[in-house]
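What follows is the content of data32.cif (mmCIF, C-alpha atoms).
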data_model
#
loop_
_atom_site.label_atom_id
_atom_site.label_comp_id
_atom_site.auth_asym_id
_atom_site.auth_seq_id
_atom_site.Cartn_x
_atom_site.Cartn_y
_atom_site.Cartn_z
CA MET A 1 76.63 135.73 76.21
CA GLU A 2 72.84 135.83 76.49
CA PHE A 3 70.54 138.37 74.85
CA ALA A 4 69.53 140.16 78.05
CA GLN A 5 73.13 140.68 79.12
CA LYS A 6 74.08 142.03 75.69
CA ILE A 7 71.16 144.49 75.80
CA LYS A 8 71.99 145.60 79.34
CA GLN A 9 75.65 146.25 78.47
CA ALA A 10 74.79 148.13 75.29
CA THR A 11 72.18 150.29 77.03
CA GLU A 12 74.52 151.17 79.88
CA GLU A 13 77.29 152.08 77.43
CA ILE A 14 75.00 154.35 75.41
CA PHE A 15 73.64 156.14 78.46
CA SER A 16 77.04 156.60 80.10
CA THR A 17 78.86 157.87 77.00
CA MET A 18 76.27 159.88 75.10
CA ILE A 19 73.23 160.65 77.25
CA PHE A 20 74.78 161.32 80.66
CA LEU A 21 71.83 160.09 82.75
CA ASP A 22 72.22 157.70 85.69
CA LEU A 23 70.60 154.42 84.86
CA LYS A 24 69.42 151.56 87.07
CA PRO A 25 68.68 148.30 85.20
CA GLY A 26 65.86 146.08 86.42
CA GLU A 27 65.15 142.40 86.02
CA PRO A 28 63.68 141.14 82.71
CA LEU A 29 59.89 141.22 82.76
CA ALA A 30 57.52 138.38 81.99
CA GLN A 31 56.65 137.55 78.40
CA GLY A 32 53.43 138.98 77.03
CA LYS A 33 53.44 142.36 78.75
CA GLU A 34 52.04 144.56 76.00
CA ASP A 35 50.59 147.63 77.70
CA LEU A 36 53.72 149.49 78.77
CA GLY A 37 52.06 152.84 79.47
CA CYS A 38 54.46 154.46 77.04
CA HIS A 39 53.96 157.42 74.70
CA VAL A 40 56.93 157.24 72.35
CA SER A 41 58.81 154.26 70.93
CA ALA A 42 61.66 153.79 68.49
CA MET A 43 62.38 150.43 66.89
CA ILE A 44 64.79 148.97 64.36
CA GLY A 45 64.89 145.63 62.62
CA LEU A 46 67.82 143.26 62.28
CA SER A 47 67.96 140.48 59.73
CA GLY A 48 70.46 137.81 58.78
CA ASP A 49 71.35 134.68 60.72
CA PHE A 50 68.27 135.44 62.82
CA ASN A 51 65.55 138.10 62.64
CA ALA A 52 64.93 140.58 65.42
CA LEU A 53 63.31 143.87 66.29
CA ILE A 54 64.83 145.96 69.08
CA GLY A 55 63.25 149.10 70.45
CA ILE A 56 63.03 151.60 73.26
CA HIS A 57 59.66 152.51 74.80
CA CYS A 58 59.26 155.60 76.98
CA PRO A 59 56.52 157.42 78.87
CA GLU A 60 56.37 161.08 77.83
CA GLN A 61 58.38 162.46 80.76
CA VAL A 62 61.13 159.89 80.30
CA GLY A 63 61.31 160.54 76.56
CA LEU A 64 61.60 164.26 77.24
CA ALA A 65 64.37 163.66 79.80
CA ILE A 66 66.36 161.39 77.48
CA GLY A 67 65.96 163.59 74.41
CA GLY A 68 66.69 166.75 76.38
CA SER A 69 69.88 165.30 77.80
CA MET A 70 71.05 164.05 74.40
CA LEU A 71 70.39 167.40 72.77
CA GLY A 72 71.53 169.53 75.69
CA MET A 73 68.28 171.49 75.88
CA GLU A 74 64.99 171.46 77.76
CA LEU A 75 62.17 169.96 75.74
CA GLN A 76 58.45 170.35 76.43
CA THR A 77 56.67 168.03 74.03
CA ILE A 78 57.29 164.85 72.08
CA ASP A 79 58.43 166.30 68.79
CA ASP A 80 60.66 165.36 65.88
CA ASP A 81 63.80 166.00 67.96
CA ILE A 82 62.71 163.46 70.59
CA LYS A 83 61.81 160.93 67.91
CA ASP A 84 65.15 161.48 66.19
CA ALA A 85 67.01 161.04 69.50
CA LEU A 86 65.21 157.81 70.38
CA GLY A 87 65.72 156.55 66.84
CA GLU A 88 69.45 157.06 67.29
CA ILE A 89 69.35 155.11 70.56
CA ALA A 90 67.59 152.23 68.79
CA ASN A 91 70.18 152.46 66.02
CA MET A 92 73.08 152.32 68.47
CA LEU A 93 71.49 149.40 70.36
CA ALA A 94 71.12 147.47 67.13
CA GLY A 95 74.68 148.32 66.12
CA SER A 96 76.00 147.10 69.45
CA LEU A 97 74.06 143.84 69.14
CA LYS A 98 75.32 143.38 65.60
CA GLU A 99 78.91 143.82 66.76
CA ALA A 100 78.45 141.52 69.77
CA PHE A 101 77.00 138.76 67.60
CA ALA A 102 79.61 139.29 64.86
CA SER A 103 82.24 138.21 67.40
CA GLU A 104 80.34 134.89 67.55
CA ASN A 105 80.27 134.62 63.73
CA ILE A 106 76.56 135.52 63.64
CA ASP A 107 75.92 138.03 60.84
CA LEU A 108 73.15 140.63 61.04
CA MET A 109 72.12 143.63 58.94
CA LEU A 110 70.43 146.76 60.28
CA ALA A 111 67.29 148.36 58.88
CA ILE A 112 66.28 152.01 59.31
CA PRO A 113 64.83 153.08 62.71
CA THR A 114 61.09 153.75 62.98
CA THR A 115 59.55 155.94 65.66
CA ILE A 116 55.95 156.17 66.81
CA SER A 117 54.20 158.30 69.44
CA GLY A 118 50.70 158.47 70.84
CA ASN A 119 48.63 158.26 73.98
CA SER A 120 47.47 154.69 73.60
CA TYR A 121 49.21 151.87 71.80
CA LYS A 122 50.29 148.35 72.57
CA VAL A 123 53.48 146.60 71.53
CA SER A 124 53.12 142.94 70.72
CA ALA A 125 55.44 140.33 69.26
CA PRO A 126 54.53 138.11 66.31
CA SER A 127 53.32 134.70 67.42
CA GLY A 128 56.15 132.23 67.71
CA SER A 129 58.81 134.85 68.37
CA ASN A 130 60.74 135.24 71.58
CA ARG A 131 60.73 138.43 73.59
CA ILE A 132 63.00 140.03 76.17
CA LEU A 133 61.69 143.13 77.92
CA LEU A 134 64.19 144.95 80.12
CA PRO A 135 63.16 147.86 82.36
CA PHE A 136 65.58 150.67 83.21
CA ASP A 137 64.92 153.36 85.79
CA LEU A 138 65.95 157.00 85.48
CA GLU A 139 65.17 159.85 87.84
CA ALA A 140 62.38 160.83 85.42
CA GLY A 141 60.86 157.35 85.46
CA ARG A 142 61.03 153.93 83.83
CA PHE A 143 61.66 153.03 80.20
CA TYR A 144 61.92 149.68 78.47
CA ILE A 145 64.27 148.07 75.98
CA ASP A 146 62.35 145.46 74.03
CA LEU A 147 63.88 142.71 71.88
CA LYS A 148 61.75 140.37 69.82
CA TYR A 149 63.58 137.68 67.91
CA SER A 150 62.98 134.58 65.87
CA LEU A 151 65.72 132.02 65.36
CA SER A 152 63.98 130.16 62.53
CA MET B 1 92.94 181.10 59.89
CA GLY B 2 90.76 178.81 62.05
CA LYS B 3 89.83 175.29 61.13
CA THR B 4 86.48 174.12 59.82
CA VAL B 5 84.84 170.70 60.33
CA LEU B 6 81.91 169.26 58.39
CA ILE B 7 79.61 166.84 60.27
CA VAL B 8 77.55 164.59 57.99
CA ASP B 9 74.67 162.63 59.55
CA ASP B 10 70.98 162.30 58.73
CA SER B 11 70.18 162.64 62.43
CA ASN B 12 70.00 166.21 63.74
CA THR B 13 70.46 164.80 67.24
CA MET B 14 73.65 163.01 66.28
CA ARG B 15 75.07 166.12 64.57
CA LYS B 16 74.51 168.04 67.83
CA ILE B 17 76.10 165.25 69.87
CA VAL B 18 79.16 165.16 67.63
CA SER B 19 79.47 168.97 67.89
CA ARG B 20 79.30 168.71 71.68
CA ALA B 21 81.85 165.88 71.74
CA LEU B 22 84.28 168.00 69.71
CA ARG B 23 83.98 170.81 72.26
CA GLN B 24 84.35 168.37 75.18
CA ALA B 25 87.41 166.85 73.52
CA GLY B 26 88.98 170.31 73.45
CA ILE B 27 89.20 170.37 69.67
CA ASP B 28 88.72 174.00 68.78
CA PHE B 29 87.07 174.55 65.42
CA ASP B 30 86.24 178.06 64.27
CA GLN B 31 83.40 176.77 62.17
CA ILE B 32 81.22 173.66 62.36
CA LEU B 33 79.25 172.93 59.18
CA GLU B 34 76.53 170.29 58.88
CA ALA B 35 75.05 168.13 56.14
CA GLY B 36 72.22 165.58 56.24
CA ASP B 37 73.54 163.14 53.64
CA GLY B 38 76.41 162.53 51.23
CA GLN B 39 75.07 164.75 48.47
CA GLU B 40 74.59 167.68 50.85
CA ALA B 41 78.14 167.06 52.06
CA LEU B 42 79.51 167.29 48.52
CA ASP B 43 77.60 170.56 48.06
CA VAL B 44 79.05 171.97 51.30
CA LEU B 45 82.59 170.92 50.35
CA GLY B 46 82.15 172.57 46.97
CA ALA B 47 81.21 175.88 48.53
CA ASN B 48 83.43 176.02 51.63
CA SER B 49 87.01 175.47 52.75
CA VAL B 50 86.80 172.44 55.06
CA ASP B 51 89.71 170.90 56.98
CA VAL B 52 88.16 167.59 58.04
CA VAL B 53 84.90 165.67 57.61
CA LEU B 54 83.14 163.42 60.12
CA SER B 55 80.62 161.26 58.31
CA ASP B 56 77.98 158.68 59.13
CA ILE B 57 77.73 155.64 56.83
CA ASN B 58 74.02 154.73 56.74
CA MET B 59 72.23 157.75 55.31
CA PRO B 60 69.39 158.25 52.83
CA ASN B 61 69.95 159.67 49.32
CA MET B 62 73.72 159.19 49.36
CA THR B 63 75.45 156.92 51.90
CA GLY B 64 78.78 157.59 53.51
CA LEU B 65 80.51 155.09 51.21
CA GLU B 66 78.93 156.67 48.11
CA PHE B 67 80.04 160.07 49.42
CA LEU B 68 83.63 158.83 49.79
CA LYS B 69 83.61 157.50 46.23
CA ALA B 70 82.21 160.72 44.75
CA LYS B 71 84.64 162.83 46.78
CA SER B 72 87.61 160.73 45.62
CA GLU B 73 86.70 161.50 42.00
CA ASP B 74 86.73 165.29 42.51
CA ASP B 75 90.27 166.71 42.42
CA ALA B 76 89.19 169.86 44.27
CA ILE B 77 88.10 168.00 47.43
CA LYS B 78 89.63 164.52 47.24
CA ASP B 79 92.41 165.28 49.73
CA ILE B 80 90.14 166.49 52.56
CA PRO B 81 90.41 163.82 55.29
CA VAL B 82 87.25 161.94 56.29
CA VAL B 83 86.61 160.00 59.49
CA MET B 84 83.58 157.72 59.59
CA ILE B 85 81.31 157.84 62.67
CA SER B 86 78.78 155.03 62.60
CA THR B 87 77.07 152.17 64.35
CA GLU B 88 78.39 150.12 61.43
CA THR B 89 82.06 149.52 62.21
CA GLY B 90 82.49 145.91 61.18
CA ALA B 91 85.79 145.07 59.50
CA ASP B 92 84.20 144.63 56.07
CA ILE B 93 82.53 148.02 55.93
CA ILE B 94 85.52 149.83 57.45
CA ASP B 95 87.81 148.15 54.92
CA GLN B 96 85.52 149.45 52.16
CA ALA B 97 85.59 152.94 53.66
CA LYS B 98 89.38 152.94 53.95
CA ALA B 99 89.74 151.68 50.40
CA LEU B 100 87.69 154.71 49.37
CA GLY B 101 89.96 157.06 51.31
CA ALA B 102 88.57 157.25 54.86
CA LYS B 103 91.30 158.01 57.40
CA GLY B 104 89.65 156.31 60.38
CA ALA B 105 86.44 155.22 62.04
CA VAL B 106 84.68 155.87 65.33
CA LYS B 107 81.90 153.61 66.59
CA LYS B 108 78.70 155.05 68.04
CA PRO B 109 78.35 155.34 70.99
CA PHE B 110 81.63 157.20 71.42
CA THR B 111 83.44 159.28 74.02
CA PRO B 112 85.06 162.69 73.42
CA ASP B 113 88.43 161.05 74.08
CA LEU B 114 87.88 158.60 71.25
CA ILE B 115 86.98 161.46 68.92
CA ASN B 116 90.12 163.28 69.99
CA ASP B 117 92.35 160.24 69.52
CA THR B 118 91.03 159.66 66.01
CA LEU B 119 90.73 163.22 64.79
CA GLY B 120 93.75 164.79 66.51
CA PRO B 121 96.43 163.32 64.20
CA LEU B 122 94.58 164.64 61.15
CA LEU B 123 94.60 168.29 62.24
#
What would you get if you wrote out this structure as structure tokens?
Amino acid sequence: MEFAQKIKQATEEIFSTMIFLDLKPGEPLAQGKEDLGCHVSAMIGLSGDFNALIGIHCPEQVGLAIGGSMLGMELQTIDDDIKDALGEIANMLAGSLKEAFASENIDLMLAIPTTISGNSYKVSAPSGSNRILLPFDLEAGRFYIDLKYSLS
Amino acid sequence: MGKTVLIVDDSNTMRKIVSRALRQAGIDFDQILEAGDGQEALDVLGANSVDVVLSDINMPNMTGLEFLKAKSEDDAIKDIPVVMISTETGADIIDQAKALGAKGAVKKPFTPDLINDTLGPLL
């Protein structure tokens, strides 16, 4: 199974079982897209038989919609609750990838999620690494699941 | 007397989601207690009568596995059943958890039905 398909399945499972928001996956975007117009991101590293970083990047309104639905309350600003919620999504994505690869005898270990927020930042991959950027559309707008990996 | 559950997770969001899943599963607890890591969980168990524990594995300060070990060494709380809820549900880590006394494991993400199926037999 390829990376993009694993990410798509894991994201759909997380949103259908724990977030309860309708999700429409898009086609993978071109490599090198760094300015995502996002205001909050959560990322988590995986290490082992290969190294990877998987994350979720959201514009403010999308982050508020996702966090609000997870917590069952209306949220107004990007705060610690939103960051915690997105960190958990990153954690579950990484866990799902770990499990999917374990079935192929590929061992990975998870790090601790990291979350950042701000009005202007870019997300770039280390040179030589591969990147898969998958857009997903919600009623509130578009967010991205971003996987950077190095097989060496 | 109603039943009490202790939810142990370093994520406030996940503790809320687990609480909601318990309600959606139709499992009626009179009291839902929370702890942010294994040490806090031991403190809560020492001060309250708890019927079942749902615990994450990867937590700061004291992990879920360390919590299980410490709990198993305390006669006053060692028999309280614990179910692990974690993104880490590989056979190796679940075997470790069960060897330390865990009664089951639920993988995140989870459905209320899965919580019910795992927790129901313990209540």
Problem set entry | Protein, DNA and RNA residues within 9 Å of (79.6, 154.6, 68.5), all atoms listed in the file, as JSON, numbers by chain | {"A": [14, 92, 95, 96], "B": [85, 86, 87, 88, 89, 106, 107, 108, 109, 110, 111]}
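Evaluated on this file, the PyMOL selection byres ((chain B and resi 61) around 8) matches Asp37, Gly38, Gln39, Met59, Pro60, Met62 and Thr63 of chain B.
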For this session: May I ask which of the residues A:Leu29, A:Ile106, A:Val62, A:Ile7 is the closest one to Thr77 of chain A, counting only C-alpha atoms?
Result: A:Val62
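The shortest atom-to-atom distance to chain A, with all atoms listed in the file taken into account, belongs to B:Leu114 out of B:Leu100, B:Val83, B:Leu114, B:Ala41.
When you apply the PyMOL selection byres ((chain A and resi 126-131) around 12) to this structure, what comes back is Phe3, Ala4, Pro28, Leu29, Ala30, Gln31, Gly32, Lys33, Glu34, Phe50, Asn51, Ala52, Leu53, Ile54, Gly55, Val123, Ser124, Ala125, Ile132, Leu133, Leu134, Ile145, Asp146, Leu147, Lys148, Tyr149, Ser150, Leu151 and Ser152 of chain A.
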Exercise. When the cut-off is 8 Å and we count all atoms listed in the file, which residues of chain A are near chain B, given as a PyMOL selection string?
Worked result: chain A and resi 13-14+17-18+70-71+81+84-85+88+91-92+95-96+99
For this session: Please write the residues picked by the PyMOL selection byres ((chain A and resi 107) around 6) on this file as a ChimeraX atom specification.
Result: /A:48-49,102,106,108
Problem set entry | Straight-line distance linking atom CA of Val53 of chain B with atom CA of Ala91 of chain B, stated in Å to one decimal | 20.7 Å
Exercise. So which residues are close to (88.7, 164.9, 57.8), meaning at most 12 Å away in the file's coordinates with only C-alpha atoms counted, and can you show them as a PyMOL selection string?
Worked result: chain B and resi 3-8+45+49-55+68+71+77-85+101-105+115+118-123
For this session: Tell me, as a ChimeraX atom specification, which residues lie within 9 Å of Lys83 of chain A, counting only C-alpha atoms; anything in the same chain fewer than 6 positions away does not count.
Result: /A:40-42,63,67,114-117
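Atom CA of Leu64 of chain A sits 14.7 Å away from atom CA of Asn119 of chain A.
For the atom pair formed by atom CA of Glu73 of chain B and atom CA of Gly46 of chain B, the distance is 13.0 Å, given to one decimal.
Residue nearest Asp9 of chain B within the list B:Leu42, B:Leu33, B:Ala25, B:Ile57: B:Ile57 [criterion: smallest interatomic distance, all atoms listed in the file].
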